[in-house]
$ cat model_32.cif   # mmCIF, C-alpha atoms
data_structure
loop_
_atom_site.group_PDB
_atom_site.id
_atom_site.type_symbol
_atom_site.label_atom_id
_atom_site.label_comp_id
_atom_site.auth_asym_id
_atom_site.auth_seq_id
_atom_site.Cartn_x
_atom_site.Cartn_y
_atom_site.Cartn_z
ATOM 1 C CA MET A 1 -8.009 13.112 -13.294
ATOM 2 C CA ARG A 2 -9.742 9.811 -12.884
ATOM 3 C CA LYS A 3 -10.059 8.171 -9.568
ATOM 4 C CA THR A 4 -8.890 4.644 -8.913
ATOM 5 C CA ALA A 5 -12.062 2.764 -8.251
ATOM 6 C CA SER A 6 -13.089 0.039 -5.921
ATOM 7 C CA SER A 7 -11.039 -2.131 -3.625
ATOM 8 C CA ALA A 8 -8.461 -4.730 -4.366
ATOM 9 C CA SER A 9 -7.506 -6.142 -1.018
ATOM 10 C CA PRO A 10 -8.596 -5.577 2.567
ATOM 11 C CA ALA A 11 -6.091 -4.621 5.236
ATOM 12 C CA PRO A 12 -7.620 -4.269 8.693
ATOM 13 C CA PRO A 13 -5.686 -1.944 10.976
ATOM 14 C CA ARG A 14 -4.123 -4.443 13.351
ATOM 15 C CA GLY A 15 -3.869 -8.211 13.127
ATOM 16 C CA ALA A 16 -1.993 -10.177 15.706
ATOM 17 C CA SER A 17 -3.682 -13.374 14.551
ATOM 18 C CA PRO A 18 -3.258 -14.773 11.059
ATOM 19 C CA ALA A 19 -5.935 -14.218 8.445
ATOM 20 C CA PRO A 20 -8.301 -17.145 7.892
ATOM 21 C CA SER A 21 -6.542 -19.484 5.501
ATOM 22 C CA ARG A 22 -8.439 -19.588 2.249
ATOM 23 C CA GLY A 23 -7.088 -21.014 -0.932
ATOM 24 C CA ARG A 24 -5.258 -19.062 -3.556
ATOM 25 C CA ILE A 25 -7.261 -18.553 -6.698
ATOM 26 C CA GLU A 26 -5.670 -18.834 -10.138
ATOM 27 C CA PRO A 27 -8.122 -16.732 -12.116
ATOM 28 C CA VAL A 28 -8.409 -16.549 -15.868
ATOM 29 C CA ILE A 29 -7.701 -12.984 -16.979
ATOM 30 C CA ARG A 30 -9.311 -11.858 -20.223
ATOM 31 C CA ALA A 31 -10.518 -8.735 -21.989
ATOM 32 C CA ALA A 32 -13.856 -7.465 -20.686
ATOM 33 C CA ARG A 33 -16.892 -7.984 -22.887
ATOM 34 C CA PRO A 34 -20.096 -5.900 -22.884
ATOM 35 C CA GLY A 35 -21.769 -8.762 -20.982
ATOM 36 C CA ASP A 36 -19.320 -8.263 -18.078
ATOM 37 C CA LEU A 37 -20.238 -4.626 -17.533
ATOM 38 C CA PRO A 38 -23.255 -5.174 -15.248
ATOM 39 C CA ALA A 39 -21.027 -7.275 -12.948
ATOM 40 C CA VAL A 40 -18.267 -4.611 -13.074
ATOM 41 C CA ALA A 41 -20.775 -1.856 -12.281
ATOM 42 C CA ALA A 42 -22.341 -3.885 -9.469
ATOM 43 C CA LEU A 43 -18.963 -4.673 -7.888
ATOM 44 C CA ASP A 44 -17.874 -1.045 -8.152
ATOM 45 C CA ALA A 45 -21.175 0.125 -6.636
ATOM 46 C CA ARG A 46 -20.692 -2.345 -3.790
ATOM 47 C CA ASN A 47 -17.104 -1.244 -3.164
ATOM 48 C CA THR A 48 -17.590 2.497 -3.549
ATOM 49 C CA GLY A 49 -21.245 2.956 -2.589
ATOM 50 C CA GLU A 50 -21.893 4.804 -5.843
ATOM 51 C CA ALA A 51 -23.655 3.219 -8.857
ATOM 52 C CA LYS A 52 -22.421 4.493 -12.226
ATOM 53 C CA PRO A 53 -23.269 1.921 -14.930
ATOM 54 C CA ALA A 54 -23.159 4.516 -17.735
ATOM 55 C CA TYR A 55 -19.576 5.404 -16.790
ATOM 56 C CA TRP A 56 -18.437 1.782 -17.115
ATOM 57 C CA ARG A 57 -20.227 1.308 -20.454
ATOM 58 C CA ASP A 58 -18.674 4.496 -21.830
ATOM 59 C CA LEU A 59 -15.243 3.556 -20.484
ATOM 60 C CA HIS A 60 -15.454 0.139 -22.118
ATOM 61 C CA ARG A 61 -16.293 1.748 -25.463
ATOM 62 C CA ARG A 62 -13.331 4.117 -25.116
ATOM 63 C CA VAL A 63 -10.978 1.243 -24.287
ATOM 64 C CA LEU A 64 -12.103 -0.660 -27.382
ATOM 65 C CA ARG A 65 -11.309 2.360 -29.567
ATOM 66 C CA ARG A 66 -7.594 2.261 -28.589
ATOM 67 C CA PRO A 67 -6.774 -1.412 -28.048
ATOM 68 C CA LYS A 68 -3.015 -0.867 -28.203
ATOM 69 C CA GLU A 69 -3.042 1.702 -25.398
ATOM 70 C CA ARG A 70 -5.939 0.731 -23.136
ATOM 71 C CA TRP A 71 -6.936 -2.532 -21.495
ATOM 72 C CA PHE A 72 -10.104 -3.381 -19.610
ATOM 73 C CA LEU A 73 -9.532 -6.799 -18.056
ATOM 74 C CA VAL A 74 -11.695 -9.067 -15.962
ATOM 75 C CA ALA A 75 -10.768 -11.995 -13.716
ATOM 76 C CA GLU A 76 -12.933 -15.078 -13.500
ATOM 77 C CA ALA A 77 -12.707 -18.569 -12.093
ATOM 78 C CA GLU A 78 -15.036 -21.414 -13.028
ATOM 79 C CA GLY A 79 -17.085 -18.919 -14.997
ATOM 80 C CA ARG A 80 -17.595 -16.672 -11.969
ATOM 81 C CA PHE A 81 -16.701 -12.964 -12.243
ATOM 82 C CA LEU A 82 -14.170 -12.035 -9.547
ATOM 83 C CA GLY A 83 -12.843 -8.637 -10.462
ATOM 84 C CA PHE A 84 -11.581 -6.187 -13.018
ATOM 85 C CA ALA A 85 -8.717 -3.780 -13.714
ATOM 86 C CA ILE A 86 -8.242 -1.047 -16.274
ATOM 87 C CA GLY A 87 -4.962 0.290 -17.580
ATOM 88 C CA GLU A 88 -4.029 2.989 -20.027
ATOM 89 C CA ILE A 89 -0.797 4.301 -21.512
ATOM 90 C CA ARG A 90 -0.474 8.042 -21.029
ATOM 91 C CA ALA A 91 2.371 10.167 -22.274
ATOM 92 C CA TRP A 92 3.962 13.548 -21.785
ATOM 93 C CA GLU A 93 1.712 14.881 -19.065
ATOM 94 C CA PHE A 94 4.056 17.488 -17.575
ATOM 95 C CA GLY A 95 6.982 15.844 -19.305
ATOM 96 C CA SER A 96 6.272 12.300 -18.128
ATOM 97 C CA PRO A 97 7.541 9.759 -20.671
ATOM 98 C CA PRO A 98 4.950 7.132 -21.699
ATOM 99 C CA CYS A 99 3.776 5.382 -18.572
ATOM 100 C CA GLY A 100 1.182 2.726 -17.716
ATOM 101 C CA TRP A 101 -1.625 3.925 -15.482
ATOM 102 C CA VAL A 102 -3.842 1.553 -13.539
ATOM 103 C CA PHE A 103 -6.819 3.767 -12.844
ATOM 104 C CA ALA A 104 -9.439 1.292 -11.722
ATOM 105 C CA ILE A 105 -9.362 -2.048 -9.963
ATOM 106 C CA GLY A 106 -11.966 -4.019 -8.084
ATOM 107 C CA VAL A 107 -12.047 -7.476 -6.538
ATOM 108 C CA ASP A 108 -15.073 -9.294 -5.203
ATOM 109 C CA PRO A 109 -14.815 -9.023 -1.381
ATOM 110 C CA GLY A 110 -15.188 -12.811 -1.119
ATOM 111 C CA ALA A 111 -12.131 -13.311 -3.328
ATOM 112 C CA ARG A 112 -9.782 -10.807 -1.714
ATOM 113 C CA LEU A 113 -6.366 -11.771 -0.356
ATOM 114 C CA ARG A 114 -6.491 -14.748 -2.706
ATOM 115 C CA ASN A 115 -4.265 -13.554 -5.532
ATOM 116 C CA VAL A 116 -6.967 -12.087 -7.786
ATOM 117 C CA GLY A 117 -5.892 -8.432 -7.432
ATOM 118 C CA SER A 118 -2.232 -9.376 -7.899
ATOM 119 C CA ARG A 119 -3.008 -11.355 -11.048
ATOM 120 C CA LEU A 120 -5.006 -8.449 -12.460
ATOM 121 C CA VAL A 121 -2.164 -5.989 -11.831
ATOM 122 C CA ASP A 122 0.348 -8.465 -13.277
ATOM 123 C CA ALA A 123 -1.812 -8.872 -16.389
ATOM 124 C CA VAL A 124 -2.125 -5.127 -16.938
ATOM 125 C CA ALA A 125 1.633 -4.709 -16.354
ATOM 126 C CA GLU A 126 2.342 -7.472 -18.866
ATOM 127 C CA ARG A 127 0.367 -5.603 -21.526
ATOM 128 C CA PHE A 128 2.154 -2.358 -20.722
ATOM 129 C CA ARG A 129 5.506 -4.158 -20.929
ATOM 130 C CA GLY A 130 4.525 -5.574 -24.309
ATOM 131 C CA ALA A 131 3.947 -1.999 -25.475
ATOM 132 C CA GLY A 132 7.428 -0.961 -24.323
ATOM 133 C CA ILE A 133 6.317 0.708 -21.093
ATOM 134 C CA LYS A 134 8.678 0.591 -18.135
ATOM 135 C CA HIS A 135 6.721 2.241 -15.323
ATOM 136 C CA LEU A 136 3.395 1.472 -13.689
ATOM 137 C CA ARG A 137 1.572 4.352 -12.010
ATOM 138 C CA THR A 138 -1.655 4.883 -10.118
ATOM 139 C CA MET A 139 -3.346 7.549 -8.008
ATOM 140 C CA LEU A 140 -5.207 6.886 -4.803
ATOM 141 C CA ARG A 141 -6.953 8.815 -2.108
ATOM 142 C CA ARG A 142 -4.665 9.430 0.838
ATOM 143 C CA ASP A 143 -7.243 7.855 3.154
ATOM 144 C CA ASP A 144 -7.886 4.838 0.917
ATOM 145 C CA ASN A 145 -5.804 2.534 3.044
ATOM 146 C CA LEU A 146 -7.270 -0.583 1.454
ATOM 147 C CA ASN A 147 -6.027 0.176 -2.036
ATOM 148 C CA LEU A 148 -2.879 1.954 -0.844
ATOM 149 C CA SER A 149 -1.843 -1.170 1.071
ATOM 150 C CA PHE A 150 -2.676 -3.353 -1.891
ATOM 151 C CA PHE A 151 -0.602 -1.366 -4.381
ATOM 152 C CA ARG A 152 2.226 -1.092 -1.845
ATOM 153 C CA SER A 153 2.167 -4.885 -1.540
ATOM 154 C CA GLN A 154 2.678 -5.008 -5.304
ATOM 155 C CA GLY A 155 5.976 -3.168 -4.846
ATOM 156 C CA MET A 156 4.704 0.297 -5.751
ATOM 157 C CA MET A 157 6.184 3.325 -4.005
ATOM 158 C CA ALA A 158 5.803 7.097 -4.193
ATOM 159 C CA GLY A 159 6.721 8.255 -7.682
ATOM 160 C CA PRO A 160 8.273 11.442 -9.011
ATOM 161 C CA PHE A 161 4.970 13.340 -9.382
ATOM 162 C CA ILE A 162 2.797 15.019 -6.764
ATOM 163 C CA GLN A 163 -0.926 15.430 -7.295
ATOM 164 C CA LEU A 164 -2.296 18.906 -6.539
ATOM 165 C CA GLU A 165 -5.796 20.341 -6.670
ATOM 166 C CA LYS A 166 -7.910 23.303 -5.596
ATOM 167 C CA VAL A 167 -11.556 24.215 -5.352
ATOM 168 C CA ILE A 168 -12.539 26.394 -8.342
ATOM 169 C CA GLU A 169 -16.237 26.980 -7.637
ATOM 170 C CA MET B 1 8.481 13.412 11.033
ATOM 171 C CA ARG B 2 10.984 12.303 13.655
ATOM 172 C CA LEU B 3 10.327 9.056 15.441
ATOM 173 C CA ASN B 4 11.316 8.435 19.068
ATOM 174 C CA LYS B 5 14.255 6.191 19.720
ATOM 175 C CA ALA B 6 11.973 3.530 21.256
ATOM 176 C CA THR B 7 9.758 3.537 18.164
ATOM 177 C CA LEU B 8 12.724 3.112 15.866
ATOM 178 C CA PHE B 9 14.098 0.264 18.006
ATOM 179 C CA ALA B 10 10.668 -1.400 17.928
ATOM 180 C CA LEU B 11 10.559 -1.202 14.137
ATOM 181 C CA TYR B 12 14.063 -2.680 13.867
ATOM 182 C CA ALA B 13 13.115 -5.502 16.215
ATOM 183 C CA VAL B 14 9.800 -6.282 14.534
ATOM 184 C CA LEU B 15 11.378 -6.329 11.070
ATOM 185 C CA GLU B 16 14.325 -8.417 12.214
ATOM 186 C CA LEU B 17 12.068 -10.960 13.944
ATOM 187 C CA ALA B 18 9.452 -11.023 11.171
ATOM 188 C CA GLU B 19 12.052 -11.757 8.522
ATOM 189 C CA ASP B 20 12.207 -15.344 9.755
ATOM 190 C CA ARG B 21 9.246 -16.090 11.970
ATOM 191 C CA ASP B 22 10.485 -19.575 12.905
ATOM 192 C CA ARG B 23 13.716 -18.233 14.325
ATOM 193 C CA GLN B 24 14.103 -16.948 17.868
ATOM 194 C CA ILE B 25 16.562 -14.122 18.268
ATOM 195 C CA ALA B 26 18.095 -12.910 21.515
ATOM 196 C CA ALA B 27 17.597 -9.240 22.323
ATOM 197 C CA GLY B 28 21.388 -8.942 22.615
ATOM 198 C CA ASP B 29 21.853 -10.091 19.034
ATOM 199 C CA ILE B 30 19.419 -7.481 17.726
ATOM 200 C CA ALA B 31 21.011 -4.763 19.883
ATOM 201 C CA ALA B 32 24.478 -5.691 18.625
ATOM 202 C CA LYS B 33 23.401 -5.828 14.991
ATOM 203 C CA TYR B 34 21.822 -2.349 15.089
ATOM 204 C CA GLY B 35 24.302 -0.843 17.554
ATOM 205 C CA ILE B 36 21.589 0.106 20.041
ATOM 206 C CA SER B 37 21.220 -0.077 23.816
ATOM 207 C CA LEU B 38 20.273 -3.558 25.047
ATOM 208 C CA ASN B 39 18.467 -2.174 28.095
ATOM 209 C CA HIS B 40 16.376 0.142 25.988
ATOM 210 C CA LEU B 41 15.623 -2.596 23.454
ATOM 211 C CA ALA B 42 14.603 -5.026 26.224
ATOM 212 C CA LYS B 43 11.996 -2.545 27.441
ATOM 213 C CA VAL B 44 10.757 -2.021 23.882
ATOM 214 C CA LEU B 45 10.450 -5.786 23.390
ATOM 215 C CA ARG B 46 8.377 -6.036 26.568
ATOM 216 C CA ASP B 47 6.001 -3.417 25.173
ATOM 217 C CA LEU B 48 5.804 -5.288 21.855
ATOM 218 C CA GLY B 49 5.049 -8.456 23.822
ATOM 219 C CA ARG B 50 2.199 -6.758 25.676
ATOM 220 C CA ALA B 51 0.832 -5.586 22.293
ATOM 221 C CA GLY B 52 0.810 -9.192 21.079
ATOM 222 C CA LEU B 53 3.390 -8.716 18.351
ATOM 223 C CA VAL B 54 6.331 -10.641 19.820
ATOM 224 C CA GLU B 55 6.709 -13.547 22.208
ATOM 225 C CA ALA B 56 9.619 -14.307 24.512
ATOM 226 C CA ALA B 57 10.986 -17.815 24.968
ATOM 227 C CA ARG B 58 12.932 -18.359 28.173
ATOM 228 C CA GLY B 59 15.878 -20.625 28.900
ATOM 229 C CA VAL B 60 18.896 -21.677 26.908
ATOM 230 C CA GLY B 61 18.539 -20.651 23.294
ATOM 231 C CA GLY B 62 15.672 -18.400 24.301
ATOM 232 C CA GLY B 63 14.921 -15.203 22.511
ATOM 233 C CA TYR B 64 12.078 -13.424 20.832
ATOM 234 C CA ARG B 65 9.960 -14.250 17.831
ATOM 235 C CA PHE B 66 7.382 -12.303 15.869
ATOM 236 C CA VAL B 67 3.842 -13.596 16.385
ATOM 237 C CA GLY B 68 1.835 -10.937 14.551
ATOM 238 C CA ASN B 69 0.508 -11.269 11.040
ATOM 239 C CA PRO B 70 3.095 -9.563 8.798
ATOM 240 C CA LYS B 71 0.526 -9.125 6.043
ATOM 241 C CA ARG B 72 -1.739 -7.135 8.360
ATOM 242 C CA VAL B 73 0.512 -5.292 10.784
ATOM 243 C CA THR B 74 1.572 -1.941 9.365
ATOM 244 C CA LEU B 75 4.461 0.315 10.324
ATOM 245 C CA MET B 76 1.861 2.659 11.825
ATOM 246 C CA ASP B 77 0.530 -0.144 14.053
ATOM 247 C CA VAL B 78 3.987 -0.531 15.582
ATOM 248 C CA ILE B 79 4.586 3.215 15.856
ATOM 249 C CA GLU B 80 1.278 3.815 17.642
ATOM 250 C CA ILE B 81 2.312 1.473 20.451
ATOM 251 C CA PHE B 82 5.067 3.926 21.346
ATOM 252 C CA GLU B 83 3.915 7.380 20.329
ATOM 253 C CA ASP B 84 0.999 9.369 19.047
ATOM 254 C CA ILE B 85 1.654 10.760 15.593
ATOM 255 C CA GLY B 86 -2.017 11.280 14.799
ATOM 256 C CA ALA B 87 -3.581 14.327 13.152
ATOM 257 C CA GLY B 88 -2.811 17.578 14.966
ATOM 258 C CA LYS B 89 0.689 16.413 15.832
ATOM 259 C CA ALA B 90 2.338 18.471 13.125
ATOM 260 C CA ALA B 91 5.776 19.892 13.778
ATOM 261 C CA GLY B 92 5.600 22.870 16.103
ATOM 262 C CA ASP B 93 1.977 22.066 16.943
ATOM 263 C CA GLY B 94 0.695 24.535 19.469
ATOM 264 C CA GLN B 95 3.571 26.942 18.789
ATOM 265 C CA GLY B 96 2.165 30.160 17.345
ATOM 266 C CA PRO B 97 -0.408 28.948 14.808
ATOM 267 C CA ASP B 98 -2.979 31.532 15.981
ATOM 268 C CA THR B 99 -2.055 34.066 13.331
ATOM 269 C CA HIS B 100 -3.157 34.168 9.722
ATOM 270 C CA LEU B 101 0.327 33.383 8.418
ATOM 271 C CA GLY B 102 0.913 30.848 11.160
ATOM 272 C CA GLN B 103 -2.224 29.006 10.087
ATOM 273 C CA ALA B 104 -1.117 29.019 6.453
ATOM 274 C CA LEU B 105 2.282 27.639 7.404
ATOM 275 C CA HIS B 106 0.752 24.983 9.634
ATOM 276 C CA GLY B 107 -1.573 23.991 6.778
ATOM 277 C CA VAL B 108 1.485 23.083 4.697
ATOM 278 C CA LEU B 109 3.135 21.243 7.598
ATOM 279 C CA ALA B 110 -0.091 19.322 8.222
ATOM 280 C CA GLU B 111 -0.153 18.293 4.544
ATOM 281 C CA ILE B 112 3.335 16.809 4.882
ATOM 282 C CA GLU B 113 2.394 14.971 8.060
ATOM 283 C CA ASP B 114 -0.804 13.625 6.464
ATOM 284 C CA ILE B 115 1.185 12.121 3.614
ATOM 285 C CA ALA B 116 3.671 10.609 6.055
ATOM 286 C CA ARG B 117 0.878 9.016 8.094
ATOM 287 C CA ALA B 118 -0.850 7.651 4.975
ATOM 288 C CA THR B 119 2.449 6.099 3.927
ATOM 289 C CA LEU B 120 3.065 4.482 7.319
ATOM 290 C CA ARG B 121 -0.501 3.156 7.422
ATOM 291 C CA SER B 122 -0.181 1.561 3.996
ATOM 292 C CA VAL B 123 3.128 -0.265 4.407
ATOM 293 C CA THR B 124 2.794 -3.645 6.100
ATOM 294 C CA ILE B 125 5.700 -5.524 7.633
ATOM 295 C CA GLU B 126 5.464 -8.048 4.790
ATOM 296 C CA THR B 127 5.538 -5.309 2.161
ATOM 297 C CA LEU B 128 8.622 -3.722 3.702
ATOM 298 C CA LEU B 129 10.429 -7.070 3.967
ATOM 299 C CA LYS B 130 9.563 -7.833 0.347
ATOM 300 C CA HIS B 131 10.900 -4.450 -0.678
ATOM 301 C CA ALA B 132 14.132 -5.003 1.283
ATOM 302 C CA ARG B 133 14.622 -8.414 -0.361
ATOM 303 C CA SER B 134 14.213 -6.918 -3.818
ATOM 304 C CA GLU B 135 16.672 -4.060 -3.240
ATOM 305 C CA PRO B 136 20.401 -4.669 -2.936
ATOM 306 C CA ALA B 137 21.707 -3.464 0.437
ATOM 307 C CA ALA B 138 23.435 -0.089 0.246
ATOM 308 C CA PRO B 139 26.937 0.106 1.687
ATOM 309 C CA ALA B 140 26.975 1.090 5.352
ATOM 310 C CA ALA B 141 27.098 4.866 5.881
ATOM 311 C CA ALA B 142 30.453 6.269 6.843
ATOM 312 C CA ALA B 143 30.845 7.178 10.497
ATOM 313 C CA ALA B 144 29.817 10.753 11.248
ATOM 314 C CA ASP B 145 33.293 11.675 12.485
ATOM 315 C CA ASP B 146 35.110 10.310 9.412
#
$ encode --input "model_32.cif" --output "structure tokens"
Amino acid sequence: MRKTASSASPAPPRGASPAPSRGRIEPVIRAARPGDLPAVAALDARNTGEAKPAYWRDLHRRVLRRPKERWFLVAEAEGRFLGFAIGEIRAWEFGSPPCGWVFAIGVDPGARLRNVGSRLVDAVAERFRGAGIKHLRTMLRRDDNLNLSFFRSQGMMAGPFIQLEKVIE
Amino acid sequence: MRLNKATLFALYAVLELAEDRDRQIAAGDIAAKYGISLNHLAKVLRDLGRAGLVEAARGVGGGYRFVGNPKRVTLMDVIEIFEDIGAGKAAGDGQGPDTHLGQALHGVLAEIEDIARATLRSVTIETLLKHARSEPAAPAAAAADD
């Protein structure tokens, strides 16, 4: 299974004092173009510590092949790249009716907590809805508190499936 | 995972106060609303005050208000003020895990506790309040002796 990439919103452990007040951003959300991929790869490398430009190029090609089931979106404001999200409709995995998966999201650290991640998730959800999908799903590392908190803040809760794995070396 | 009474009272108080941060609420009002001991709640509120999450206002019309950042403070942050539910605190911890089967059983219990902790760490006060606002309130549970 694919791993949700990058970070959408920071959530330090304890905060008695309010976060610095920075303005909300109203980003433009559009389909990613090949010219966006270096920025996507750089942001992902910055957020995850692992550079994988070939993965992002290949993923973009695969999204373009099934435009009614997959969306690779980017957020920008005043021409500046701020983040990306990728969604895909998957169906009938262990009996699951068609469902919209968000399996990658990343927001520029300087633009976090400013509505960019929320707008990206909303935009992916809108496309899923347009395709008749009623549920949004994602998978995160248990210790990825940053993204867990972000998706929780979007109203997501534990779903009906449990992820299992084992070492098969 | 079972939370201590004090922890549960603290979560009730924090959520109640954070729901309207401009409003001051008397400890007695919170105790009455949740049907909990005022003395116990008062002690819990003192601890929350020391942790910088609530502030007391004295005098007529005095009460408590939430002064933390609801977008940053998680359920786990509140819980950790009152009890340690960190790794290694699985149910029955220290009770017979030194056997092969005991270790296997405790591995499963630890998995459950890990998921519970990850959940509590990822839910902020704001997220929980948002969730409560979006869900219609369920009817109150019938009394146990009904």
$ atom_distance --input "model_32.cif" --atom1 "CA of Leu41 (chain B)" --atom2 "CA of Ala27 (chain B)"
7.0 Å
$ resolve_selection --input "model_32.cif" --expression "the PyMOL selection byres ((chain B and resi 57-74) around 10)" --output "MDAnalysis selection string"
(chainID A and resid 10:19 113 149 153) or (chainID B and resid 13:30 45 48:49 51:56 75:79 119:129)
$ closest_residue --input "model_32.cif" --among "A:Glu169, A:Asn147, A:Arg62, A:Gln163" --to "chain B" --atoms "only C-alpha atoms"
A:Asn147
$ residues_near_point --input "model_32.cif" --point "(4.4, -5.0, -21.2)" --cutoff "12 Å" --atoms "all atoms listed in the file" --output "tab-separated table (two decimals) with C-alpha atoms, keeping the file's coordinate frame"
chain	number	residue	atom	x	y	z
A	68	LYS	CA	-3.02	-0.87	-28.20
A	69	GLU	CA	-3.04	1.70	-25.40
A	70	ARG	CA	-5.94	0.73	-23.14
A	71	TRP	CA	-6.94	-2.53	-21.50
A	87	GLY	CA	-4.96	0.29	-17.58
A	88	GLU	CA	-4.03	2.99	-20.03
A	89	ILE	CA	-0.80	4.30	-21.51
A	99	CYS	CA	3.78	5.38	-18.57
A	100	GLY	CA	1.18	2.73	-17.72
A	121	VAL	CA	-2.16	-5.99	-11.83
A	122	ASP	CA	0.35	-8.46	-13.28
A	123	ALA	CA	-1.81	-8.87	-16.39
A	124	VAL	CA	-2.12	-5.13	-16.94
A	125	ALA	CA	1.63	-4.71	-16.35
A	126	GLU	CA	2.34	-7.47	-18.87
A	127	ARG	CA	0.37	-5.60	-21.53
A	128	PHE	CA	2.15	-2.36	-20.72
A	129	ARG	CA	5.51	-4.16	-20.93
A	130	GLY	CA	4.53	-5.57	-24.31
A	131	ALA	CA	3.95	-2.00	-25.48
A	132	GLY	CA	7.43	-0.96	-24.32
A	133	ILE	CA	6.32	0.71	-21.09
A	134	LYS	CA	8.68	0.59	-18.14
A	135	HIS	CA	6.72	2.24	-15.32
A	136	LEU	CA	3.40	1.47	-13.69
$ residues_around --input "model_32.cif" --residues "region 137-141 of chain A" --least-positions-apart "3" --cutoff "10 Å" --atoms "all atoms listed in the file" --output "PyMOL selection string"
(chain A and resi 1-5+87-90+99-104+144-148+151+156-159+161-163) or (chain B and resi 118)
$ closest_residue --input "model_32.cif" --among "A:Arg80, A:Arg142, A:Arg114, A:Arg33" --to "chain B" --atoms "only C-alpha atoms"
A:Arg142
$ atom_distance --input "model_32.cif" --atom1 "CA of Leu43 (chain A)" --atom2 "CA of Asp108 (chain A)"
6.6 Å
$ closest_residue --input "model_32.cif" --among "B:Ala138, B:Leu101, B:Leu11, B:Ala87" --to "Asp114 (chain B)" --atoms "only C-alpha atoms"
B:Ala87
$ closest_residue --input "model_32.cif" --among "B:Ala6, B:Leu109, B:Glu80, B:Ala104" --to "chain A" --atoms "only C-alpha atoms"
B:Glu80
$ atom_distance --input "model_32.cif" --atom1 "CA of Leu82 (chain A)" --atom2 "CA of Pro27 (chain A)"
8.1 Å
$ resolve_selection --input "model_32.cif" --expression "the PyMOL selection byres ((chain A and resi 29) around 9)" --output "PyMOL selection string"
chain A and resi 27-28+30-31+73-77+84+119-120+123
$ closest_residue --input "model_32.cif" --among "A:Arg24, A:Arg152, A:Arg65, A:Lys166" --to "chain B" --atoms "all atoms listed in the file"
A:Arg152
$ decode --input "model_32.cif" --residues "region 99-114 of chain B" --atoms "N, CA and C atoms" --output "mmCIF file, in the first residue's frame"
data_model
loop_
_atom_site.group_PDB
_atom_site.id
_atom_site.type_symbol
_atom_site.label_atom_id
_atom_site.label_comp_id
_atom_site.auth_asym_id
_atom_site.auth_seq_id
_atom_site.Cartn_x
_atom_site.Cartn_y
_atom_site.Cartn_z
ATOM 1 N N THR B 99 6.695 -14.891 30.289
ATOM 2 C CA THR B 99 6.598 -16.188 29.629
ATOM 3 C C THR B 99 6.402 -15.941 28.143
ATOM 4 N N HIS B 100 6.642 -16.961 27.361
ATOM 5 C CA HIS B 100 6.517 -16.821 25.909
ATOM 6 C C HIS B 100 5.099 -16.399 25.522
ATOM 7 N N LEU B 101 4.112 -17.080 26.088
ATOM 8 C CA LEU B 101 2.718 -16.749 25.767
ATOM 9 C C LEU B 101 2.320 -15.401 26.356
ATOM 10 N N GLY B 102 2.843 -15.147 27.548
ATOM 11 C CA GLY B 102 2.563 -13.842 28.178
ATOM 12 C C GLY B 102 3.069 -12.707 27.312
ATOM 13 N N GLN B 103 4.260 -12.888 26.734
ATOM 14 C CA GLN B 103 4.816 -11.846 25.870
ATOM 15 C C GLN B 103 3.958 -11.649 24.626
ATOM 16 N N ALA B 104 3.489 -12.781 24.061
ATOM 17 C CA ALA B 104 2.652 -12.681 22.861
ATOM 18 C C ALA B 104 1.361 -11.932 23.175
ATOM 19 N N LEU B 105 0.764 -12.255 24.317
ATOM 20 C CA LEU B 105 -0.473 -11.596 24.712
ATOM 21 C C LEU B 105 -0.219 -10.103 24.944
ATOM 22 N N HIS B 106 0.879 -9.796 25.625
ATOM 23 C CA HIS B 106 1.163 -8.395 25.914
ATOM 24 C C HIS B 106 1.513 -7.617 24.649
ATOM 25 N N GLY B 107 2.013 -8.322 23.626
ATOM 26 C CA GLY B 107 2.258 -7.665 22.335
ATOM 27 C C GLY B 107 0.957 -7.148 21.737
ATOM 28 N N VAL B 108 -0.095 -7.970 21.838
ATOM 29 C CA VAL B 108 -1.409 -7.563 21.309
ATOM 30 C C VAL B 108 -1.981 -6.411 22.139
ATOM 31 N N LEU B 109 -1.854 -6.511 23.463
ATOM 32 C CA LEU B 109 -2.378 -5.441 24.322
ATOM 33 C C LEU B 109 -1.639 -4.134 24.068
ATOM 34 N N ALA B 110 -0.323 -4.240 23.826
ATOM 35 C CA ALA B 110 0.472 -3.038 23.553
ATOM 36 C C ALA B 110 0.027 -2.393 22.243
ATOM 37 N N GLU B 111 -0.332 -3.235 21.263
ATOM 38 C CA GLU B 111 -0.807 -2.717 19.968
ATOM 39 C C GLU B 111 -2.070 -1.874 20.176
ATOM 40 N N ILE B 112 -2.978 -2.389 20.994
ATOM 41 C CA ILE B 112 -4.224 -1.656 21.263
ATOM 42 C C ILE B 112 -3.921 -0.324 21.938
ATOM 43 N N GLU B 113 -3.029 -0.371 22.924
ATOM 44 C CA GLU B 113 -2.692 0.850 23.659
ATOM 45 C C GLU B 113 -1.993 1.863 22.756
ATOM 46 N N ASP B 114 -1.151 1.377 21.849
ATOM 47 C CA ASP B 114 -0.455 2.272 20.909
ATOM 48 C C ASP B 114 -1.456 3.035 20.045
#
